[in-house]
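Trainee: File name coords_3.txt; file contents compact mmCIF, C-alpha atoms and all ligand atoms; full text below.
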```
# COMPACT_ATOMS: atom_id res chain seq x y z
CA MET A 503 -14.08 15.97 28.79
CA ALA A 504 -11.67 18.82 29.29
CA HIS A 505 -10.42 20.22 32.56
CA LEU A 506 -8.99 23.42 33.93
CA ALA A 507 -5.50 24.07 35.26
CA VAL A 508 -5.15 27.41 37.01
CA ASN A 509 -2.10 29.62 36.61
CA VAL A 510 -1.44 31.54 39.86
CA ASP A 511 1.33 33.84 38.56
CA HIS A 512 -0.77 36.97 38.79
CA VAL A 513 -1.74 36.41 42.39
CA ALA A 514 2.01 36.72 42.93
CA THR A 515 2.11 39.82 40.69
CA LEU A 516 -0.30 41.51 43.10
CA ARG A 517 1.85 40.46 46.04
CA GLN A 518 4.96 41.87 44.36
CA ALA A 519 3.22 45.25 43.97
CA ARG A 520 3.86 45.76 47.71
CA GLY A 521 6.76 43.40 48.17
CA GLY A 522 5.10 41.70 51.17
CA ASN A 523 3.39 38.36 51.69
CA ASP A 524 -0.16 39.03 50.45
CA PRO A 525 -1.89 37.70 48.53
CA ASP A 526 -0.17 34.34 48.66
CA PRO A 527 -0.27 32.36 45.39
CA VAL A 528 0.10 29.16 47.41
CA LEU A 529 -3.15 29.81 49.28
CA ALA A 530 -4.82 30.75 45.99
CA ALA A 531 -3.68 27.45 44.53
CA GLY A 532 -5.29 25.57 47.42
CA LEU A 533 -8.54 27.44 46.85
CA ALA A 534 -8.36 26.71 43.12
CA GLU A 535 -8.08 23.01 43.90
CA LEU A 536 -11.01 23.19 46.31
CA ALA A 537 -13.00 24.89 43.55
CA GLY A 538 -12.36 22.03 41.14
CA ALA A 539 -9.19 22.91 39.25
CA GLU A 540 -7.35 19.78 38.21
CA GLY A 541 -3.94 21.35 38.02
CA ILE A 542 -1.92 24.34 39.20
CA ILE A 543 0.57 26.16 37.01
CA CYS A 544 3.28 28.62 37.91
CA HIS A 545 5.97 30.17 35.76
CA LEU A 546 9.31 30.56 37.50
CA ARG A 547 10.90 33.30 35.44
CA GLU A 548 14.58 34.02 35.35
CA ASP A 549 13.91 37.49 36.85
CA ARG A 550 11.48 36.07 39.51
CA ARG A 551 9.08 38.90 38.73
CA HIS A 552 6.09 37.08 40.23
CA ILE A 553 6.51 33.45 41.29
CA ASN A 554 9.65 32.86 43.34
CA ASP A 555 11.56 29.78 44.49
CA ARG A 556 9.70 29.67 47.82
CA ASP A 557 6.34 29.60 46.03
CA LEU A 558 7.42 26.76 43.77
CA ARG A 559 8.70 24.67 46.67
CA LEU A 560 5.60 25.24 48.81
CA LEU A 561 3.34 24.53 45.86
CA ARG A 562 5.18 21.24 45.36
CA GLN A 563 4.48 20.29 48.96
CA MET A 564 0.86 21.38 48.93
CA ILE A 565 -0.61 20.63 45.53
CA LYS A 566 -2.75 17.54 45.49
CA THR A 567 -3.74 17.61 41.83
CA LYS A 568 -0.87 18.26 39.43
CA LEU A 569 1.86 20.89 39.54
CA ASN A 570 2.93 22.21 36.16
CA MET A 571 6.08 24.34 36.26
CA GLU A 572 6.35 26.66 33.27
CA MET A 573 9.94 27.50 32.50
CA ALA A 574 12.51 28.46 29.91
CA ALA A 575 14.56 25.52 28.60
CA VAL A 576 17.75 26.71 30.30
CA ASP A 577 20.16 24.95 32.65
CA GLU A 578 19.17 26.91 35.76
CA MET A 579 15.50 25.97 35.40
CA VAL A 580 16.18 22.37 34.44
CA SER A 581 18.27 21.98 37.62
CA ILE A 582 15.50 23.50 39.76
CA ALA A 583 12.90 21.24 38.13
CA LEU A 584 15.06 18.17 38.74
CA GLU A 585 15.31 19.13 42.38
CA VAL A 586 11.71 20.22 43.03
CA ARG A 587 10.10 17.54 40.83
CA PRO A 588 6.88 19.13 39.57
CA ASP A 589 4.54 16.60 37.96
CA MET A 590 5.15 18.26 34.65
CA VAL A 591 7.09 21.04 33.04
CA THR A 592 5.96 23.31 30.21
CA LEU A 593 8.82 24.65 28.13
CA VAL A 594 8.22 28.22 27.01
CA PRO A 595 10.33 30.84 25.27
CA GLU A 596 11.29 33.63 27.64
CA LYS A 597 12.43 37.13 26.85
CA ARG A 598 13.54 39.39 29.63
CA GLN A 599 11.64 42.48 28.43
CA GLU A 600 8.32 40.86 27.58
CA LEU A 601 5.23 41.51 29.71
CA THR A 602 4.10 37.93 29.20
CA THR A 603 5.04 34.96 27.02
CA GLU A 604 4.75 36.38 23.52
CA GLY A 605 4.84 33.36 21.25
CA GLY A 606 5.33 29.64 21.08
CA LEU A 607 8.63 27.85 21.25
CA ASP A 608 10.44 27.55 17.91
CA VAL A 609 11.14 23.84 18.34
CA MET A 610 12.41 23.47 14.77
CA ALA A 611 15.18 25.98 15.42
CA ARG A 612 16.95 23.74 18.00
CA PRO A 613 15.47 20.22 18.02
CA ASP A 614 18.61 18.49 19.32
CA TYR A 615 18.89 20.90 22.21
CA TYR A 616 15.25 20.41 23.20
CA LYS A 617 15.59 16.65 22.86
CA GLY A 618 18.40 16.78 25.44
CA VAL A 619 16.29 18.88 27.83
CA VAL A 620 13.36 16.47 27.49
CA GLU A 621 15.59 13.49 28.19
CA ARG A 622 16.92 15.05 31.38
CA LEU A 623 13.45 15.91 32.67
CA LYS A 624 11.82 12.64 31.69
CA SER A 625 14.59 10.60 33.26
CA ALA A 626 13.44 12.14 36.56
CA GLY A 627 9.84 11.14 35.88
CA ILE A 628 8.70 14.64 34.92
CA ALA A 629 6.25 14.84 32.02
CA VAL A 630 7.12 17.49 29.43
CA SER A 631 4.88 19.85 27.52
CA PHE A 632 5.98 22.25 24.76
CA PHE A 633 4.17 25.57 24.37
CA VAL A 634 3.88 26.05 20.61
CA ASP A 635 2.06 28.23 18.13
CA PRO A 636 -0.85 26.63 16.27
CA ASP A 637 1.46 25.21 13.62
CA PRO A 638 1.35 21.46 12.84
CA GLU A 639 5.08 21.40 11.99
CA GLN A 640 6.04 22.76 15.41
CA VAL A 641 3.75 20.24 17.07
CA ARG A 642 5.29 17.36 15.11
CA GLU A 643 8.80 18.54 15.95
CA ALA A 644 7.86 18.72 19.64
CA TYR A 645 6.60 15.16 19.39
CA ARG A 646 9.87 14.06 17.74
CA CYS A 647 11.74 15.69 20.62
CA GLY A 648 9.86 13.49 23.07
CA ALA A 649 7.09 15.81 24.28
CA ASP A 650 4.23 14.11 26.12
CA ILE A 651 1.95 17.10 25.64
CA VAL A 652 1.82 20.23 23.52
CA GLU A 653 0.12 23.37 24.72
CA ILE A 654 -1.29 25.33 21.81
CA HIS A 655 -0.68 29.06 22.14
CA THR A 656 -4.07 30.79 22.03
CA GLY A 657 -2.69 34.29 22.58
CA HIS A 658 -3.01 35.44 18.97
CA TYR A 659 -6.59 34.19 18.84
CA SER A 660 -7.44 35.97 22.09
CA GLU A 661 -5.95 39.22 20.81
CA ALA A 662 -7.99 39.26 17.59
CA LYS A 663 -9.45 42.71 16.97
CA THR A 664 -12.35 41.67 14.79
CA GLU A 665 -14.70 38.74 14.58
CA ALA A 666 -13.26 37.77 11.19
CA GLU A 667 -9.76 37.79 12.65
CA ALA A 668 -10.89 35.66 15.58
CA VAL A 669 -12.54 33.15 13.24
CA GLU A 670 -9.42 32.94 11.09
CA ARG A 671 -7.11 32.52 14.09
CA PHE A 672 -9.41 29.95 15.68
CA ARG A 673 -9.42 28.01 12.43
CA ARG A 674 -5.64 27.83 12.60
CA ILE A 675 -5.90 26.24 16.05
CA GLU A 676 -8.57 23.86 14.82
CA THR A 677 -6.58 22.84 11.73
CA THR A 678 -3.52 22.21 13.88
CA VAL A 679 -5.19 20.03 16.50
CA VAL A 680 -7.09 18.04 13.88
CA SER A 681 -4.04 17.49 11.68
CA VAL A 682 -1.90 16.09 14.52
CA SER A 683 -4.53 13.71 15.84
CA ASP A 684 -2.48 10.75 14.57
CA LEU A 685 0.18 11.45 17.23
CA SER A 686 0.00 9.98 20.67
CA LEU A 687 0.28 13.37 22.30
CA GLY A 688 -1.79 15.20 24.89
CA ILE A 689 -3.12 18.55 23.71
CA SER A 690 -3.77 21.51 25.95
CA ALA A 691 -4.29 25.19 25.20
CA GLY A 692 -3.71 28.47 26.89
CA HIS A 693 -2.84 32.15 26.96
CA GLY A 694 -5.33 34.97 26.95
CA LEU A 695 -8.35 32.74 27.38
CA ASN A 696 -11.26 34.35 29.21
CA TYR A 697 -14.93 33.91 30.09
CA LEU A 698 -16.03 34.90 26.59
CA ASN A 699 -13.47 33.58 24.15
CA ILE A 700 -13.35 30.12 25.77
CA GLU A 701 -16.77 29.24 24.36
CA ALA A 702 -15.49 28.50 20.86
CA PHE A 703 -13.35 25.66 22.21
CA GLU A 704 -16.38 23.50 22.89
CA ALA A 705 -15.93 22.51 19.24
CA LEU A 706 -12.46 21.07 19.89
CA PRO A 707 -12.68 17.91 22.02
CA GLN A 708 -9.07 17.12 21.07
CA ILE A 709 -7.99 19.72 23.65
CA THR A 710 -8.22 18.15 27.07
CA GLU A 711 -6.76 20.83 29.32
CA TYR A 712 -7.00 24.62 29.50
CA SER A 713 -4.35 26.66 31.22
CA ILE A 714 -5.87 29.93 32.41
CA GLY A 715 -4.57 32.59 34.77
CA HIS A 716 -5.01 36.29 34.15
CA SER A 717 -8.74 36.31 33.44
CA ILE A 718 -9.46 34.25 36.57
CA VAL A 719 -7.35 36.50 38.80
CA SER A 720 -8.97 39.59 37.22
CA ARG A 721 -12.45 38.24 37.81
CA ALA A 722 -11.60 37.22 41.36
CA VAL A 723 -10.65 40.83 42.16
CA LEU A 724 -14.01 42.06 40.88
CA VAL A 725 -16.37 39.38 42.13
CA GLY A 726 -14.68 39.48 45.54
CA PHE A 727 -14.52 43.29 45.78
CA GLU A 728 -17.99 43.92 47.20
CA ARG A 729 -17.53 41.41 50.01
CA ALA A 730 -14.09 42.72 50.84
CA VAL A 731 -15.41 46.29 51.11
CA GLN A 732 -18.42 45.18 53.20
CA GLU A 733 -16.10 43.44 55.65
CA MET A 734 -13.96 46.57 56.08
CA VAL A 735 -17.03 48.84 56.35
CA LYS A 736 -18.22 46.65 59.22
CA LEU A 737 -14.89 46.97 60.97
CA VAL A 738 -14.75 50.76 60.82
CA LYS A 739 -18.48 51.57 61.18
CA ASP A 740 -18.72 51.77 64.95
CA PHE A 741 -15.45 53.57 65.63
N1 LIG B 801 0.15 29.07 29.07
C1 LIG B 801 1.37 29.61 29.01
C2 LIG B 801 2.46 28.82 28.36
C3 LIG B 801 1.64 30.88 29.56
O1 LIG B 801 2.87 31.40 29.46
C4 LIG B 801 0.59 31.57 30.20
C5 LIG B 801 0.87 32.89 30.83
O2 LIG B 801 1.70 32.75 31.91
C6 LIG B 801 -0.67 30.95 30.27
C7 LIG B 801 -0.87 29.72 29.67
C8 LIG B 801 -1.81 31.59 30.95
O3 LIG B 801 -2.17 32.75 30.25
P1 LIG B 801 -3.20 33.77 30.88
O4 LIG B 801 -2.60 34.29 32.15
O5 LIG B 801 -3.35 34.81 29.82
O6 LIG B 801 -4.47 33.00 31.15
```
Would you mind giving the structure from this file in structure tokens?
Mentor:
Amino acid sequence: MAHLAVNVDHVATLRQARGGNDPDPVLAAGLAELAGAEGIICHLREDRRHINDRDLRLLRQMIKTKLNMEMAAVDEMVSIALEVRPDMVTLVPEKRQELTTEGGLDVMARPDYYKGVVERLKSAGIAVSFFVDPDPEQVREAYRCGADIVEIHTGHYSEAKTEAEAVERFRRIETTVVSVSDLSLGISAGHGLNYLNIEAFEALPQITEYSIGHSIVSRAVLVGFERAVQEMVKLVKDF
């Protein structure tokens, strides 16, 4: 059976739109846990565009399920992870100009470097996941580097423009997860997954965790909008 880990980055994005305290991604994480999420994910970016150091530290104190810190494999982030001790870290590529993570990590380009990063994190008891494209060679290289988990990048699948494209891109994910089933490696998936495109994954029991953020935050704004307006209408009605 698979489970859901909720990424709260975009609750912080909304907060940053005004530069104040609301909405608080830490409170959202608590609500996600109450609603049944089995993990909370936040991406501490170099530019701190959404999640900041305070959020990460408070999440560490508050999360009762599992805190997964997404981060670039750079010294600054490794040091923060070693200090804050999330339950796990997901290594992602990070480009300063990108709107969101654009592709998987090219593990084959720098295996020795990644091996060193994994050793540092695992020596502190932090599990390590690599975010990789649906490519069996990248998955195998991540495994050789010591990864406990790989997160398969579903962004290209979720951006498919036609049904045929979606089928072809889903097949790539399927081929990858099936072909690496000999490895003792956890498999998760994420990026761009939503209430419609998630359905296809019922066919892939190899994937045991889904990392989902933007679609949940988007839906929360809409399903909560009516109630929020009603509450304000009530406040101003009798003025
Ligand atoms: N997994 C990784 C590695 C990511 O970088 C992101 C985006 O922060 C997600 C999952 C979640 O993607 P989304 O917000 O599109 O659900």
Trainee: I'd like the contact shell of His658 in chain A - 9 Å cut-off, all atoms listed in the file, skipping same-chain residues fewer than 4 positions apart - returned as a ChimeraX atom specification.
Mentor: /A:605,635,662,668,671,693-694
Trainee: Within 10 Å of ligand LIG 801 (chain B), counting only C-alpha atoms and all ligand atoms, which protein or nucleic acid residues do you find, written as a PDB file with C-alpha atoms, in the coordinates of the input?
Mentor:
```
ATOM      1  CA  ALA A 507      -5.500  24.070  35.260  1.00  0.00           C
ATOM      2  CA  VAL A 508      -5.150  27.410  37.010  1.00  0.00           C
ATOM      3  CA  ASN A 509      -2.100  29.620  36.610  1.00  0.00           C
ATOM      4  CA  VAL A 510      -1.440  31.540  39.860  1.00  0.00           C
ATOM      5  CA  ASP A 511       1.330  33.840  38.560  1.00  0.00           C
ATOM      6  CA  HIS A 512      -0.770  36.970  38.790  1.00  0.00           C
ATOM      7  CA  ILE A 543       0.570  26.160  37.010  1.00  0.00           C
ATOM      8  CA  CYS A 544       3.280  28.620  37.910  1.00  0.00           C
ATOM      9  CA  HIS A 545       5.970  30.170  35.760  1.00  0.00           C
ATOM     10  CA  LEU A 546       9.310  30.560  37.500  1.00  0.00           C
ATOM     11  CA  ARG A 547      10.900  33.300  35.440  1.00  0.00           C
ATOM     12  CA  MET A 571       6.080  24.340  36.260  1.00  0.00           C
ATOM     13  CA  GLU A 572       6.350  26.660  33.270  1.00  0.00           C
ATOM     14  CA  MET A 573       9.940  27.500  32.500  1.00  0.00           C
ATOM     15  CA  THR A 592       5.960  23.310  30.210  1.00  0.00           C
ATOM     16  CA  LEU A 593       8.820  24.650  28.130  1.00  0.00           C
ATOM     17  CA  VAL A 594       8.220  28.220  27.010  1.00  0.00           C
ATOM     18  CA  PRO A 595      10.330  30.840  25.270  1.00  0.00           C
ATOM     19  CA  GLU A 596      11.290  33.630  27.640  1.00  0.00           C
ATOM     20  CA  LEU A 601       5.230  41.510  29.710  1.00  0.00           C
ATOM     21  CA  THR A 602       4.100  37.930  29.200  1.00  0.00           C
ATOM     22  CA  THR A 603       5.040  34.960  27.020  1.00  0.00           C
ATOM     23  CA  GLU A 604       4.750  36.380  23.520  1.00  0.00           C
ATOM     24  CA  GLY A 605       4.840  33.360  21.250  1.00  0.00           C
ATOM     25  CA  GLY A 606       5.330  29.640  21.080  1.00  0.00           C
ATOM     26  CA  LEU A 607       8.630  27.850  21.250  1.00  0.00           C
ATOM     27  CA  SER A 631       4.880  19.850  27.520  1.00  0.00           C
ATOM     28  CA  PHE A 632       5.980  22.250  24.760  1.00  0.00           C
ATOM     29  CA  PHE A 633       4.170  25.570  24.370  1.00  0.00           C
ATOM     30  CA  VAL A 634       3.880  26.050  20.610  1.00  0.00           C
ATOM     31  CA  VAL A 652       1.820  20.230  23.520  1.00  0.00           C
ATOM     32  CA  GLU A 653       0.120  23.370  24.720  1.00  0.00           C
ATOM     33  CA  ILE A 654      -1.290  25.330  21.810  1.00  0.00           C
ATOM     34  CA  HIS A 655      -0.680  29.060  22.140  1.00  0.00           C
ATOM     35  CA  THR A 656      -4.070  30.790  22.030  1.00  0.00           C
ATOM     36  CA  GLY A 657      -2.690  34.290  22.580  1.00  0.00           C
ATOM     37  CA  SER A 660      -7.440  35.970  22.090  1.00  0.00           C
ATOM     38  CA  SER A 690      -3.770  21.510  25.950  1.00  0.00           C
ATOM     39  CA  ALA A 691      -4.290  25.190  25.200  1.00  0.00           C
ATOM     40  CA  GLY A 692      -3.710  28.470  26.890  1.00  0.00           C
ATOM     41  CA  HIS A 693      -2.840  32.150  26.960  1.00  0.00           C
ATOM     42  CA  GLY A 694      -5.330  34.970  26.950  1.00  0.00           C
ATOM     43  CA  LEU A 695      -8.350  32.740  27.380  1.00  0.00           C
ATOM     44  CA  ASN A 696     -11.260  34.350  29.210  1.00  0.00           C
ATOM     45  CA  TYR A 712      -7.000  24.620  29.500  1.00  0.00           C
ATOM     46  CA  SER A 713      -4.350  26.660  31.220  1.00  0.00           C
ATOM     47  CA  ILE A 714      -5.870  29.930  32.410  1.00  0.00           C
ATOM     48  CA  GLY A 715      -4.570  32.590  34.770  1.00  0.00           C
ATOM     49  CA  HIS A 716      -5.010  36.290  34.150  1.00  0.00           C
ATOM     50  CA  SER A 717      -8.740  36.310  33.440  1.00  0.00           C
ATOM     51  CA  ILE A 718      -9.460  34.250  36.570  1.00  0.00           C
ATOM     52  CA  VAL A 719      -7.350  36.500  38.800  1.00  0.00           C
ATOM     53  CA  SER A 720      -8.970  39.590  37.220  1.00  0.00           C
TER      54      SER A 720
END
```
Trainee: Between CA of Glu661 in chain A and CA of Ala531 in chain A, measure the distance and give it in Å to one decimal.
Mentor: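 Interatomic distance here is 26.6 Å.
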Trainee: As lines of an AutoDock Vina configuration file, please: the centre and edge lengths in Å, to one decimal, of an axis-aligned box enclosing every listed atom of range 591-607 of chain A with 5 Å added on each side.
Mentor:
```
center_x = 8.8
center_y = 31.8
center_z = 27.1
size_x = 19.4
size_y = 31.4
size_z = 22.0
```
Trainee: A:Ala514, A:Leu584, A:Ala575, A:Ala539: which is nearest Asp557 in chain A, counting all atoms listed in the file?
Mentor: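 Counting all atoms listed in the file, the residue closest to Asp557 in chain A is A:Ala514.
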Trainee: Between A:Asp524, A:Glu643, A:Glu733, A:Glu548, which one has atoms that come closest to Gln599 in chain A, using all atoms listed in the file?
Mentor: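 With all atoms listed in the file as the atom set, the closest residue is A:Glu548.
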Trainee: Figure out the distance between CA of Ala649 in chain A and CA of Glu670 in chain A, please, to one decimal in Å.
Mentor: 27.2 Å
Trainee: Around (5.8, 15.5, 18.6), as given in the file, which residues come within 10 Å? Count all atoms listed in the file and list them as a list in words.
Mentor: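 Residues found, by chain and rising number: Val609, Ser631, Phe632, Pro638, Glu639, Gln640, Val641, Arg642, Glu643, Ala644, Tyr645, Arg646, Cys647, Gly648, Ala649, Asp650, Ile651, Val652, Val682, Leu685, Ser686, Leu687 and Gly688 of chain A.
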Trainee: Find the residue from A:Leu558, A:Leu724, A:Ala730, A:Ala705 that sits nearest to Ala504 in chain A; use all atoms listed in the file when measuring.
Mentor: A:Ala705
Trainee: Just how far from CA of Leu533 in chain A is CA of Lys568 in chain A, in Å to one decimal?
Mentor: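 Taking CA of Lys568 in chain A as the start and CA of Leu533 in chain A as the end point, the length is 14.1 Å.
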Trainee: When distances are computed from all atoms listed in the file, which of A:Ile700, A:Asp555, A:Gln708, A:Leu506 shows the smallest separation from Ala534 in chain A?
Mentor: A:Leu506
Trainee: Out of A:Lys617, A:His505, A:Lys663, A:Arg562, which residue has the shortest atom-to-atom distance to Val586 in chain A when counting only C-alpha atoms?
Mentor: A:Arg562
Trainee: Select, from A:Arg622, A:Lys597, A:Lys566, A:Arg673, the residue with the minimum atom-to-atom distance to Glu585 in chain A, counting only C-alpha atoms.
Mentor: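 So, comparing all the options, the nearest one is A:Arg622.
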